[in-house]
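Colleague: This is structure_23.cif (mmCIF, C-alpha atoms).
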```cif
data_upload
loop_
_atom_site.label_atom_id
_atom_site.label_comp_id
_atom_site.auth_asym_id
_atom_site.auth_seq_id
_atom_site.Cartn_x
_atom_site.Cartn_y
_atom_site.Cartn_z
CA MET D 642 0.00 0.00 0.00
CA TYR D 643 1.09 3.56 -0.68
CA PRO D 644 -0.41 6.14 1.71
CA ASN D 645 0.95 8.95 -0.48
CA LEU D 646 3.01 9.34 -3.64
CA TYR D 647 6.24 9.76 -1.67
CA TYR D 648 6.22 6.10 -0.68
CA LEU D 649 5.15 5.00 -4.16
CA PHE D 650 8.15 6.70 -5.81
CA TRP D 651 10.47 5.51 -3.06
CA ASP D 652 9.33 1.88 -3.34
CA LEU D 653 9.09 1.64 -7.14
CA PHE D 654 11.95 3.89 -8.25
CA GLY D 655 14.14 4.29 -5.16
CA ILE D 656 13.64 8.07 -5.26
CA LYS D 657 12.80 10.12 -2.16
CA ILE D 658 10.90 13.33 -3.00
CA SER D 659 9.65 14.84 0.25
CA VAL D 660 7.13 17.15 -1.41
CA LEU D 661 5.18 14.08 -2.60
CA LYS D 662 4.16 13.39 1.00
CA VAL D 663 1.58 16.12 0.46
CA VAL D 664 -0.16 14.11 -2.29
CA ASN D 665 -2.42 11.54 -0.64
CA SER D 666 -2.88 8.46 -2.84
CA PHE D 667 -6.65 8.41 -2.42
CA GLY D 668 -6.96 12.11 -3.27
CA PHE D 669 -4.64 11.68 -6.26
CA PHE D 670 -6.79 8.98 -7.86
CA VAL D 671 -9.99 10.89 -7.09
CA ALA D 672 -8.49 13.91 -8.87
CA ILE D 673 -7.54 11.69 -11.83
CA SER D 674 -11.10 10.34 -11.96
CA PHE D 675 -12.50 13.88 -12.06
CA LEU D 676 -10.13 14.94 -14.86
CA ILE D 677 -10.90 11.90 -17.03
CA SER D 678 -14.63 12.25 -16.32
CA ALA D 679 -14.58 15.94 -17.25
CA TRP D 680 -12.89 15.11 -20.57
CA LEU D 681 -15.42 12.38 -21.41
CA ILE D 682 -18.40 14.52 -20.34
CA SER D 683 -17.21 17.32 -22.61
CA LYS D 684 -16.93 14.91 -25.56
CA GLU D 685 -20.36 13.39 -24.88
CA PHE D 686 -22.00 16.79 -24.47
CA LYS D 687 -20.58 17.92 -27.82
CA ARG D 688 -21.81 14.74 -29.50
CA ARG D 689 -25.32 15.21 -28.07
CA GLN D 690 -25.30 18.92 -28.88
CA ALA D 691 -24.73 18.07 -32.53
CA LEU D 692 -27.71 15.69 -32.39
CA GLY D 693 -29.99 18.29 -30.83
CA TYR D 694 -30.24 16.96 -27.29
CA PHE D 695 -28.93 20.27 -25.95
CA THR D 696 -29.14 23.85 -27.03
CA TYR D 697 -27.37 27.01 -25.97
CA THR D 698 -28.30 29.91 -23.73
CA GLU D 699 -27.35 33.49 -24.43
CA LYS D 700 -25.60 35.75 -21.97
CA LYS D 701 -24.59 39.39 -22.12
CA ILE D 702 -21.06 40.12 -21.00
CA THR D 703 -19.01 43.30 -20.77
CA ILE D 704 -15.48 43.14 -22.12
CA GLY D 705 -12.67 45.63 -21.70
CA GLN D 706 -13.33 46.43 -18.04
CA PRO D 707 -10.45 46.63 -15.55
CA ALA D 708 -10.33 44.12 -12.72
CA SER D 709 -12.97 44.83 -10.09
CA PHE D 710 -12.29 44.97 -6.36
CA SER D 711 -14.20 41.72 -5.82
CA GLU D 712 -12.10 39.90 -8.47
CA LEU D 713 -8.85 41.14 -6.96
CA PHE D 714 -10.00 40.32 -3.44
CA PHE D 715 -11.11 36.80 -4.42
CA ASN D 716 -7.77 36.08 -6.12
CA PHE D 717 -5.85 37.38 -3.12
CA VAL D 718 -7.86 35.16 -0.75
CA LEU D 719 -7.38 32.13 -3.03
CA GLY D 720 -3.63 32.74 -3.23
CA PHE D 721 -3.43 33.33 0.51
CA ILE D 722 -5.11 29.98 1.25
CA PHE D 723 -2.75 28.11 -1.08
CA GLY D 724 0.28 29.89 0.35
CA TYR D 725 -0.79 29.55 3.98
CA LYS D 726 -1.46 25.81 3.73
CA ILE D 727 0.35 24.34 0.69
CA LEU D 728 3.54 26.43 0.74
CA GLY D 729 3.25 26.54 4.51
CA ILE D 730 4.14 22.85 4.62
CA PHE D 731 7.69 23.75 3.57
CA PHE D 732 8.05 26.62 6.06
CA THR D 733 6.35 25.15 9.15
CA LYS D 734 8.43 22.93 11.39
CA GLY D 735 7.15 19.35 11.59
CA ALA D 736 4.50 19.81 8.88
CA MET D 737 6.24 17.48 6.45
CA ALA D 738 6.06 14.61 8.95
CA ASN D 739 2.27 14.44 8.55
CA PRO D 740 1.09 16.73 5.71
CA GLN D 741 -2.53 15.53 5.84
CA ALA D 742 -2.85 16.42 9.54
CA PHE D 743 -1.24 19.80 8.84
CA ILE D 744 -3.64 20.58 5.98
CA PHE D 745 -6.65 19.98 8.24
CA SER D 746 -5.22 21.97 11.15
CA SER D 747 -5.21 25.74 11.77
CA ALA D 748 -1.42 25.96 11.40
CA GLY D 749 0.20 27.60 8.37
CA SER D 750 2.63 30.25 7.11
CA TRP D 751 1.28 33.82 7.17
CA LEU D 752 4.23 35.12 5.16
CA ALA D 753 3.79 32.53 2.38
CA GLY D 754 0.05 33.23 2.34
CA ILE D 755 0.46 36.99 1.98
CA VAL D 756 3.19 36.67 -0.68
CA LEU D 757 1.27 34.15 -2.82
CA GLY D 758 -1.97 36.11 -2.32
CA GLY D 759 -0.19 39.23 -3.62
CA ILE D 760 1.10 37.30 -6.65
CA PHE D 761 -2.41 35.99 -7.47
CA LEU D 762 -3.81 39.54 -7.12
CA PHE D 763 -1.12 40.99 -9.42
CA LEU D 764 -1.58 38.31 -12.08
CA LYS D 765 -5.35 38.94 -12.16
CA TRP D 766 -4.84 42.70 -12.44
CA LYS D 767 -2.26 42.21 -15.21
CA ASP D 768 -4.50 39.80 -17.16
CA LYS D 769 -7.52 42.15 -17.05
CA ASN D 770 -5.35 45.16 -17.86
CA LYS D 771 -4.21 43.53 -21.13
CA SER D 772 -7.77 43.44 -22.49
CA LYS D 773 -8.85 46.80 -21.04
CA LEU D 774 -10.62 49.08 -23.52
CA ALA D 775 -11.02 52.82 -23.42
CA LYS D 776 -14.76 52.21 -23.65
CA PRO D 777 -15.96 48.77 -22.42
CA GLU D 778 -18.31 46.93 -24.80
CA GLN D 779 -21.33 44.69 -24.22
CA ARG D 780 -21.55 41.48 -26.25
CA THR D 781 -23.94 38.56 -26.41
CA VAL D 782 -22.33 35.13 -26.28
CA ARG D 783 -23.74 31.63 -26.62
CA ILE D 784 -23.00 29.21 -23.82
CA TRP D 785 -23.38 25.51 -24.54
CA PRO D 786 -23.55 22.71 -21.96
CA SER D 787 -20.03 21.64 -22.99
CA ASP D 788 -18.85 25.09 -21.88
CA ARG D 789 -20.22 24.39 -18.39
CA VAL D 790 -18.28 21.17 -17.73
CA GLY D 791 -15.84 23.00 -15.45
CA ASP D 792 -18.69 24.29 -13.29
CA ILE D 793 -20.31 20.85 -13.23
CA VAL D 794 -17.09 19.17 -12.06
CA ILE D 795 -16.46 21.77 -9.33
CA ILE D 796 -20.05 21.55 -8.04
CA SER D 797 -19.87 17.75 -8.11
CA ALA D 798 -16.59 17.74 -6.18
CA ILE D 799 -17.70 20.17 -3.47
CA ALA D 800 -21.25 18.83 -3.05
CA GLY D 801 -20.00 15.26 -3.30
CA PHE D 802 -17.46 15.75 -0.53
CA VAL D 803 -20.01 17.48 1.73
CA GLY D 804 -22.60 14.76 1.12
CA ALA D 805 -20.05 11.98 1.64
CA LYS D 806 -19.07 13.46 5.03
CA ILE D 807 -22.68 14.00 6.13
CA PHE D 808 -23.80 10.47 5.28
CA ASP D 809 -20.66 8.92 6.78
CA ASN D 810 -21.30 10.68 10.10
CA LEU D 811 -24.98 9.68 10.01
CA GLU D 812 -23.92 6.08 9.44
CA ASN D 813 -21.39 6.27 12.30
CA TRP D 814 -23.38 8.44 14.69
CA ASP D 815 -21.76 7.07 17.87
CA ARG D 816 -18.33 7.99 16.56
CA PHE D 817 -19.55 11.41 15.42
CA ILE D 818 -21.03 12.51 18.76
CA GLN D 819 -17.75 11.66 20.52
CA ASP D 820 -15.86 14.22 18.38
CA PRO D 821 -18.18 16.20 16.05
CA ILE D 822 -15.58 18.74 14.89
CA GLY D 823 -12.83 16.18 14.40
CA ASN D 824 -15.08 13.87 12.37
CA LEU D 825 -16.49 16.67 10.20
CA PHE D 826 -13.06 17.96 9.21
CA SER D 827 -11.25 14.64 9.06
CA PRO D 828 -9.87 13.77 5.59
CA SER D 829 -11.03 10.16 6.07
CA GLY D 830 -14.56 8.79 6.37
CA LEU D 831 -16.49 9.26 3.13
CA THR D 832 -19.68 7.59 1.92
CA PHE D 833 -20.10 7.38 -1.86
CA TYR D 834 -23.90 7.35 -1.89
CA GLY D 835 -24.01 10.43 0.31
CA GLY D 836 -21.80 12.24 -2.18
CA LEU D 837 -23.90 11.02 -5.12
CA ILE D 838 -27.22 12.13 -3.60
CA VAL D 839 -26.08 15.60 -2.50
CA ALA D 840 -24.23 16.18 -5.79
CA ILE D 841 -27.37 15.27 -7.79
CA ILE D 842 -29.44 17.76 -5.76
CA ALA D 843 -26.85 20.53 -6.21
CA LEU D 844 -26.53 19.85 -9.94
CA TRP D 845 -30.32 19.73 -10.39
CA ILE D 846 -30.49 23.27 -8.97
CA TYR D 847 -27.62 24.37 -11.24
CA PHE D 848 -29.18 22.82 -14.37
CA ARG D 849 -32.56 24.32 -13.61
CA LYS D 850 -31.01 27.76 -13.18
CA ASN D 851 -29.15 27.46 -16.49
CA LYS D 852 -32.06 25.90 -18.44
CA MET D 853 -30.41 22.52 -18.99
CA ARG D 854 -32.74 19.52 -19.09
CA PHE D 855 -31.70 17.41 -16.13
CA ILE D 856 -32.58 14.02 -17.60
CA SER D 857 -30.63 14.76 -20.80
CA VAL D 858 -27.57 15.54 -18.70
CA ALA D 859 -28.17 12.46 -16.53
CA ASP D 860 -28.28 10.20 -19.60
CA SER D 861 -25.08 11.81 -20.91
CA VAL D 862 -23.06 11.28 -17.75
CA ALA D 863 -24.52 7.92 -16.62
CA PRO D 864 -21.74 5.70 -18.06
CA ILE D 865 -19.08 8.19 -16.93
CA LEU D 866 -20.36 8.11 -13.35
CA MET D 867 -19.70 4.38 -13.34
CA LEU D 868 -16.16 4.93 -14.62
CA SER D 869 -15.50 7.70 -12.11
CA TYR D 870 -16.58 5.43 -9.26
CA GLY D 871 -14.23 2.67 -10.40
CA LEU D 872 -11.26 5.04 -10.76
CA GLY D 873 -11.94 6.46 -7.31
CA ARG D 874 -11.89 2.95 -5.86
CA ILE D 875 -8.32 2.57 -7.16
CA GLY D 876 -7.41 5.21 -4.56
CA CYS D 877 -9.14 3.18 -1.84
CA GLN D 878 -7.20 0.05 -2.78
CA VAL D 879 -3.82 1.75 -3.20
CA ALA D 880 -4.07 3.71 0.07
CA GLY D 881 -5.71 0.94 2.10
CA ASP D 882 -8.16 3.40 3.64
CA GLY D 883 -10.28 0.89 5.57
CA ASP D 884 -12.87 0.43 2.85
CA TRP D 885 -12.41 -3.32 2.72
CA GLY D 886 -14.35 -6.53 3.19
CA ILE D 887 -14.84 -9.02 5.98
CA ILE D 888 -12.07 -11.45 6.97
CA ASN D 889 -11.28 -14.36 4.66
CA SER D 890 -10.72 -17.11 7.23
CA ALA D 891 -9.03 -19.41 4.69
CA TYR D 892 -5.85 -17.32 5.04
CA LEU D 893 -3.61 -15.74 7.66
CA SER D 894 -1.01 -12.99 7.28
CA ASN D 895 2.69 -13.46 7.93
CA PRO D 896 4.70 -10.81 9.86
CA ASP D 897 5.90 -9.40 6.50
CA GLY D 898 2.30 -8.94 5.32
CA LYS D 899 2.32 -11.87 2.90
CA LEU D 900 -0.38 -14.54 2.94
CA ARG D 901 -0.51 -18.22 3.82
CA LEU D 902 -3.32 -20.75 3.80
CA CYS D 903 -4.60 -21.92 7.18
CA THR D 904 -6.89 -24.56 8.66
CA PRO D 905 -10.14 -23.69 10.50
CA GLU D 906 -8.41 -24.51 13.79
CA GLN D 907 -5.46 -22.22 13.02
CA PHE D 908 -7.87 -19.40 12.18
CA LYS D 909 -9.76 -19.87 15.45
CA GLN D 910 -6.50 -19.58 17.38
CA ALA D 911 -5.47 -16.47 15.44
CA ALA D 912 -8.92 -14.91 15.89
CA VAL D 913 -8.56 -15.24 19.68
CA LEU D 914 -5.01 -13.85 19.57
CA PHE D 915 -5.93 -10.82 17.41
CA LYS D 916 -9.45 -10.22 18.74
CA ASN D 917 -8.63 -6.71 19.96
CA HIS D 918 -7.19 -5.71 16.60
CA THR D 919 -10.29 -6.66 14.58
CA GLU D 920 -12.16 -3.69 16.06
CA GLN D 921 -9.78 -1.48 14.07
CA TYR D 922 -11.03 -3.20 10.92
CA GLY D 923 -14.50 -1.80 11.63
CA ILE D 924 -15.59 -5.14 13.14
CA VAL D 925 -17.08 -4.88 16.61
CA GLY D 926 -18.29 -7.92 18.55
CA GLU D 927 -18.32 -11.28 16.81
CA ILE D 928 -15.73 -11.51 14.03
CA GLN D 929 -17.31 -11.43 10.58
CA HIS D 930 -15.56 -13.89 8.32
CA ALA D 931 -16.08 -16.31 5.45
CA ALA D 932 -13.56 -18.88 4.23
CA PHE D 933 -12.85 -18.97 0.50
CA LYS D 934 -9.74 -20.45 -1.06
CA GLY D 935 -8.89 -19.06 -4.48
CA ALA D 936 -7.92 -21.14 -7.49
CA SER D 937 -4.26 -22.21 -7.43
CA TRP D 938 -3.54 -20.48 -10.76
CA LEU D 939 -4.69 -17.12 -9.41
CA PRO D 940 -2.77 -14.94 -6.92
CA ASP D 941 -3.91 -15.20 -3.29
CA TRP D 942 -4.26 -11.40 -3.00
CA LEU D 943 -7.34 -11.57 -5.23
CA PHE D 944 -9.16 -13.28 -2.37
CA ALA D 945 -7.39 -12.05 0.76
CA PHE D 946 -5.36 -8.92 1.44
CA SER D 947 -3.38 -7.82 4.50
CA TYR D 948 -3.13 -4.14 3.42
CA PRO D 949 0.48 -3.58 4.54
CA HIS D 950 1.40 0.09 5.09
CA ASN D 951 -2.30 1.05 5.06
CA VAL D 952 -2.93 4.78 5.43
CA ASN D 953 -4.98 4.42 8.64
CA GLY D 954 -2.23 2.52 10.47
CA GLN D 955 -4.62 -0.31 11.31
CA GLY D 956 -3.52 -3.77 12.44
CA ILE D 957 -0.16 -4.71 13.96
CA ALA D 958 3.44 -3.77 13.20
CA LEU D 959 5.19 -5.17 10.14
CA ALA D 960 8.55 -6.84 10.50
CA SER D 961 11.51 -4.62 9.51
CA CYS D 962 9.53 -1.56 8.40
CA ASN D 963 10.98 1.96 8.05
CA TRP D 964 7.88 3.75 6.76
CA GLY D 965 7.27 5.73 9.95
CA GLN D 966 3.61 5.77 10.94
CA TYR D 967 2.66 3.50 8.01
CA CYS D 968 4.12 0.23 9.30
CA ASN D 969 1.04 -1.85 10.09
CA TYR D 970 -0.72 -4.73 8.38
CA LEU D 971 -3.88 -6.75 9.04
CA PRO D 972 -2.97 -10.04 10.78
CA LEU D 973 -6.32 -11.50 9.69
CA PRO D 974 -6.52 -10.71 5.94
CA VAL D 975 -9.73 -9.39 4.40
CA TYR D 976 -11.52 -9.54 1.06
CA PRO D 977 -10.19 -6.67 -1.11
CA THR D 978 -13.62 -5.27 -1.95
CA PRO D 979 -12.24 -2.05 -3.55
CA LEU D 980 -10.44 -4.25 -6.07
CA TYR D 981 -13.68 -6.09 -6.89
CA GLU D 982 -15.49 -2.78 -7.33
CA ILE D 983 -12.78 -1.48 -9.66
CA ILE D 984 -13.20 -4.52 -11.91
CA MET D 985 -17.02 -4.47 -11.83
CA SER D 986 -17.23 -0.71 -12.38
CA LEU D 987 -14.95 -0.80 -15.42
CA ILE D 988 -16.98 -3.67 -16.93
CA LEU D 989 -20.27 -1.86 -16.26
CA PHE D 990 -18.84 1.36 -17.69
CA GLY D 991 -17.95 -0.50 -20.90
CA ILE D 992 -21.49 -1.88 -21.17
CA LEU D 993 -23.20 1.47 -20.51
CA TRP D 994 -20.80 3.32 -22.81
CA SER D 995 -21.55 0.87 -25.64
CA LEU D 996 -25.30 1.42 -25.12
CA ARG D 997 -25.21 5.22 -25.09
CA LYS D 998 -25.90 5.51 -28.84
CA LYS D 999 -28.51 2.74 -28.86
CA VAL D 1000 -30.62 3.71 -25.84
CA THR D 1001 -31.94 7.08 -26.96
CA TYR D 1002 -35.22 7.57 -25.12
CA PRO D 1003 -34.81 10.12 -22.29
CA GLY D 1004 -34.30 8.56 -18.86
CA LYS D 1005 -33.62 4.97 -19.90
CA LEU D 1006 -29.82 5.07 -19.87
CA PHE D 1007 -29.77 6.85 -16.52
CA GLY D 1008 -32.25 4.27 -15.24
CA LEU D 1009 -29.94 1.46 -16.36
CA TYR D 1010 -27.08 3.15 -14.52
CA LEU D 1011 -29.10 3.31 -11.31
CA ILE D 1012 -29.99 -0.38 -11.62
CA VAL D 1013 -26.47 -1.71 -12.27
CA ASN D 1014 -24.97 0.66 -9.70
CA GLY D 1015 -27.45 -0.48 -7.06
CA VAL D 1016 -27.01 -4.18 -7.86
CA GLU D 1017 -23.21 -3.91 -7.84
CA ARG D 1018 -23.13 -2.15 -4.47
CA PHE D 1019 -25.76 -4.43 -2.89
CA LEU D 1020 -23.72 -7.50 -3.87
CA ILE D 1021 -20.44 -6.11 -2.57
CA GLU D 1022 -22.09 -5.17 0.72
CA GLN D 1023 -22.54 -8.87 1.46
CA ILE D 1024 -18.79 -9.24 2.06
CA ARG D 1025 -17.98 -5.66 3.09
CA VAL D 1026 -17.45 -4.29 6.58
CA ASN D 1027 -20.10 -1.67 7.32
CA THR D 1028 -22.24 -0.34 10.13
CA LYS D 1029 -25.55 -2.22 10.31
CA TYR D 1030 -28.79 -0.55 11.38
CA ASP D 1031 -30.66 -2.22 14.23
CA ILE D 1032 -33.87 -2.71 12.23
CA ILE D 1033 -35.45 -5.64 10.41
CA PHE D 1034 -32.89 -7.60 8.33
CA HIS D 1035 -30.12 -5.37 9.86
CA PRO D 1036 -29.17 -3.65 6.59
CA SER D 1037 -26.31 -1.20 6.08
CA GLN D 1038 -26.94 2.33 4.83
CA ALA D 1039 -25.53 1.39 1.43
CA GLU D 1040 -27.84 -1.64 1.14
CA ILE D 1041 -30.92 0.51 1.79
CA ILE D 1042 -29.85 3.15 -0.73
CA SER D 1043 -28.82 0.58 -3.36
CA VAL D 1044 -32.23 -1.10 -3.18
CA LEU D 1045 -33.91 2.29 -3.59
CA LEU D 1046 -31.67 3.06 -6.58
CA VAL D 1047 -32.68 -0.21 -8.27
CA ILE D 1048 -36.37 0.58 -7.71
CA VAL D 1049 -36.02 4.12 -9.10
CA GLY D 1050 -33.97 2.79 -12.01
CA LEU D 1051 -36.65 0.22 -12.88
CA ILE D 1052 -39.27 2.98 -12.81
CA PHE D 1053 -37.14 5.09 -15.18
CA VAL D 1054 -36.55 2.22 -17.61
CA THR D 1055 -40.13 0.94 -17.71
CA MET D 1056 -42.00 4.25 -17.36
CA ALA D 1057 -39.70 6.61 -19.29
CA PRO D 1058 -42.22 7.25 -22.13
CA LYS D 1059 -44.81 8.34 -19.54
CA ILE D 1060 -42.39 10.36 -17.40
CA PHE D 1061 -40.26 12.18 -19.97
CA LYS D 1062 -41.14 13.82 -23.25
CA PRO D 1063 -38.96 12.88 -26.24
CA LEU D 1064 -36.93 15.63 -27.90
CA ASN D 1065 -37.31 16.68 -31.51
CA LEU D 1066 -33.98 15.68 -33.01
CA VAL D 1067 -34.88 16.28 -36.66
CA LYS D 1068 -32.73 19.37 -37.02
CA PRO D 1069 -29.35 18.91 -35.38
CA HIS D 1070 -27.76 21.81 -33.58
CA THR D 1071 -24.14 22.83 -33.76
CA SER D 1072 -22.01 23.75 -30.78
CA THR D 1073 -20.40 26.72 -32.55
CA PRO D 1074 -22.06 30.17 -32.52
#
```
The structure in this file should be written as structure tokens.
Modeller:
Amino acid sequence: MYPNLYYLFWDLFGIKISVLKVVNSFGFFVAISFLISAWLISKEFKRRQALGYFTYTEKKITIGQPASFSELFFNFVLGFIFGYKILGIFFTKGAMANPQAFIFSSAGSWLAGIVLGGIFLFLKWKDKNKSKLAKPEQRTVRIWPSDRVGDIVIISAIAGFVGAKIFDNLENWDRFIQDPIGNLFSPSGLTFYGGLIVAIIALWIYFRKNKMRFISVADSVAPILMLSYGLGRIGCQVAGDGDWGIINSAYLSNPDGKLRLCTPEQFKQAAVLFKNHTEQYGIVGEIQHAAFKGASWLPDWLFAFSYPHNVNGQGIALASCNWGQYCNYLPLPVYPTPLYEIIMSLILFGILWSLRKKVTYPGKLFGLYLIVNGVERFLIEQIRVNTKYDIIFHPSQAEIISVLLVIVGLIFVTMAPKIFKPLNLVKPHTSTP
């Protein structure tokens, strides 16, 4: 496991680059997923614009004006934040030892913040001054949905993070009430469905305001949402962030983190020995486990994983480790559910992407996405560690939401002609003014 890119470069290439400690592996892959998704959304929007699924809106803008006070102030604040926190890592004693903790603390460098804020302010003033006219002009421009991809990605990222934190704390209420502030601002603890739900609400408001048909957008991004989820799960697997499955009792972990097969009796002995450590896995009370031995021609890590060097420091100490705080592994290996979700998500993305030109009635493709997404998550929940609600059947939050997604998806697929009006695509539009 690689908690951040520093350890990845050190392990793979033998290079130590201290600044890479700032780049958390999970955050890196989430950022990659957003960039790839933004590129694909832009391409799909342009394709659908040409077919007439989308049209443009007109907006009056004034060009040639100097930078306003609000623009200069915003750029200064933005630069100050980056300088205070990001550059501050290099100027604050001890920050490099744990960059993630530093980022989410109140510590920082005032000097770096003021200097970088001043640079951002100057660059904005200089950029606006280049296009300044003696007499500013008003022009009408056409804005297409493909021009709004940047806004869509930013709204998705912010609303998704907020929703993921809210739903995670609702799911782990006992943990939240013990330290509300710490849990709200912790970089760990995110629930995908919470992010999806809040992001959809925020984007619905944005689309409504900008006269974009929500269901047309939903159909356009449905396959890409599946891809984005799978790419994000790569970060979970690489970092070992605790988003894993129950224990595979057919295996045990060696002190170096490698796996070995075990008998039921050997597992029982190990379970007693490491009982206290399993609570760190997210397992409280009776140990959740299921024995499954993989085929001999497949690697053992496909079925059991000890997550050595995991980012949360869970488990017990590895033998001969010099990775500082990241020297633990799970003595009772678990099913690598993030890996399974990566594989399933990529396969489902390929299926949905291949159907995007064939399923043309509004709402059906998005409905299919909701169905396959819900089914995939419901299945993985059967071997995944999660908080269970003390109600009938004892479901997890994700199981409840996934069932609801399947129901809504079935309604969309079967009732789309009654719910949504088809668009007149006889005369294609063009995305150029």
Colleague: I'd like the neighbourhood of Gly876 in chain D as an mmCIF file with C-alpha atoms, in the coordinates of the input, where a residue qualifies if any of its atoms comes within 12 Å (using only C-alpha atoms), though same-chain residues fewer than 5 positions away should be ignored.
Modeller:
```
data_model
loop_
_atom_site.group_PDB
_atom_site.id
_atom_site.type_symbol
_atom_site.label_atom_id
_atom_site.label_comp_id
_atom_site.auth_asym_id
_atom_site.auth_seq_id
_atom_site.Cartn_x
_atom_site.Cartn_y
_atom_site.Cartn_z
ATOM 1 C CA MET D 642 0.000 0.000 0.000
ATOM 2 C CA TYR D 643 1.090 3.560 -0.680
ATOM 3 C CA PRO D 644 -0.410 6.140 1.710
ATOM 4 C CA ASN D 645 0.950 8.950 -0.480
ATOM 5 C CA LEU D 646 3.010 9.340 -3.640
ATOM 6 C CA VAL D 664 -0.160 14.110 -2.290
ATOM 7 C CA ASN D 665 -2.420 11.540 -0.640
ATOM 8 C CA SER D 666 -2.880 8.460 -2.840
ATOM 9 C CA PHE D 667 -6.650 8.410 -2.420
ATOM 10 C CA GLY D 668 -6.960 12.110 -3.270
ATOM 11 C CA PHE D 669 -4.640 11.680 -6.260
ATOM 12 C CA PHE D 670 -6.790 8.980 -7.860
ATOM 13 C CA VAL D 671 -9.990 10.890 -7.090
ATOM 14 C CA ALA D 672 -8.490 13.910 -8.870
ATOM 15 C CA ILE D 673 -7.540 11.690 -11.830
ATOM 16 C CA SER D 674 -11.100 10.340 -11.960
ATOM 17 C CA SER D 869 -15.500 7.700 -12.110
ATOM 18 C CA TYR D 870 -16.580 5.430 -9.260
ATOM 19 C CA GLY D 871 -14.230 2.670 -10.400
ATOM 20 C CA GLY D 881 -5.710 0.940 2.100
ATOM 21 C CA ASP D 882 -8.160 3.400 3.640
ATOM 22 C CA GLY D 883 -10.280 0.890 5.570
ATOM 23 C CA ASP D 884 -12.870 0.430 2.850
ATOM 24 C CA ASN D 951 -2.300 1.050 5.060
ATOM 25 C CA VAL D 952 -2.930 4.780 5.430
ATOM 26 C CA PRO D 979 -12.240 -2.050 -3.550
ATOM 27 C CA LEU D 980 -10.440 -4.250 -6.070
ATOM 28 C CA GLU D 982 -15.490 -2.780 -7.330
ATOM 29 C CA ILE D 983 -12.780 -1.480 -9.660
#
```
Colleague: What is the distance between CA of Lys701 in chain D and CA of Arg783 in chain D, in Å to one decimal?
Modeller: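 Interatomic distance here is 9.0 Å.
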Colleague: With 6 Å added on each side, what axis-aligned box encloses every listed atom of range 675-693 of chain D? Give the centre and edge lengths in Å to one decimal, as AutoDock Vina command-line options.
Modeller:
```
--center_x -20.1 --center_y 15.4 --center_z -22.3 --size_x 31.9 --size_y 19.0 --size_z 32.5
```
Colleague: Report the distance between CA of Asn895 in chain D and CA of Ala880 in chain D in Å, rounded to one decimal place.
Modeller: 20.1 Å
Colleague: Quick one, how far is CA of Val794 in chain D from CA of Gly705 in chain D?
Modeller: 28.5 Å
Colleague: Rank nothing, just name the residue among D:Ala863, D:Met737, D:Ile875, D:Ala753 nearest to Val660 in chain D, using only C-alpha atoms.
Modeller: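 Using only C-alpha atoms, the shortest distance to Val660 in chain D belongs to D:Met737.
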Colleague: Out of D:Arg1025, D:Lys687, D:Lys662, D:Lys850, which residue has the shortest atom-to-atom distance to Ile730 in chain D when counting only C-alpha atoms?
Modeller: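 Using only C-alpha atoms, Ile730 in chain D sits closest to D:Lys662.
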Colleague: Which residues fall under the PyMOL selection byres ((chain D and resi 976) around 10) in this file, as a PDB file with C-alpha atoms, in the frame of the given file?
Modeller:
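Contents of part-v6.pdb, freshly written:
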```pdb
ATOM      1  CA  TRP D 885     -12.410  -3.320   2.720  1.00  0.00           C
ATOM      2  CA  GLY D 886     -14.350  -6.530   3.190  1.00  0.00           C
ATOM      3  CA  ILE D 887     -14.840  -9.020   5.980  1.00  0.00           C
ATOM      4  CA  ILE D 888     -12.070 -11.450   6.970  1.00  0.00           C
ATOM      5  CA  ASN D 889     -11.280 -14.360   4.660  1.00  0.00           C
ATOM      6  CA  SER D 890     -10.720 -17.110   7.230  1.00  0.00           C
ATOM      7  CA  HIS D 930     -15.560 -13.890   8.320  1.00  0.00           C
ATOM      8  CA  ALA D 931     -16.080 -16.310   5.450  1.00  0.00           C
ATOM      9  CA  PHE D 933     -12.850 -18.970   0.500  1.00  0.00           C
ATOM     10  CA  TRP D 942      -4.260 -11.400  -3.000  1.00  0.00           C
ATOM     11  CA  LEU D 943      -7.340 -11.570  -5.230  1.00  0.00           C
ATOM     12  CA  PHE D 944      -9.160 -13.280  -2.370  1.00  0.00           C
ATOM     13  CA  ALA D 945      -7.390 -12.050   0.760  1.00  0.00           C
ATOM     14  CA  PHE D 946      -5.360  -8.920   1.440  1.00  0.00           C
ATOM     15  CA  SER D 947      -3.380  -7.820   4.500  1.00  0.00           C
ATOM     16  CA  PRO D 974      -6.520 -10.710   5.940  1.00  0.00           C
ATOM     17  CA  VAL D 975      -9.730  -9.390   4.400  1.00  0.00           C
ATOM     18  CA  PRO D 977     -10.190  -6.670  -1.110  1.00  0.00           C
ATOM     19  CA  THR D 978     -13.620  -5.270  -1.950  1.00  0.00           C
ATOM     20  CA  PRO D 979     -12.240  -2.050  -3.550  1.00  0.00           C
ATOM     21  CA  LEU D 980     -10.440  -4.250  -6.070  1.00  0.00           C
ATOM     22  CA  TYR D 981     -13.680  -6.090  -6.890  1.00  0.00           C
ATOM     23  CA  ILE D1024     -18.790  -9.240   2.060  1.00  0.00           C
ATOM     24  CA  ARG D1025     -17.980  -5.660   3.090  1.00  0.00           C
ATOM     25  CA  VAL D1026     -17.450  -4.290   6.580  1.00  0.00           C
TER      26      VAL D1026
END
```
Colleague: Might you spell out which residues the PyMOL selection byres ((chain D and resi 966) around 10) would select in the displayed file, as a PyMOL selection string?
Modeller: chain D and resi 738-739+950-954+958+962-965+967-969
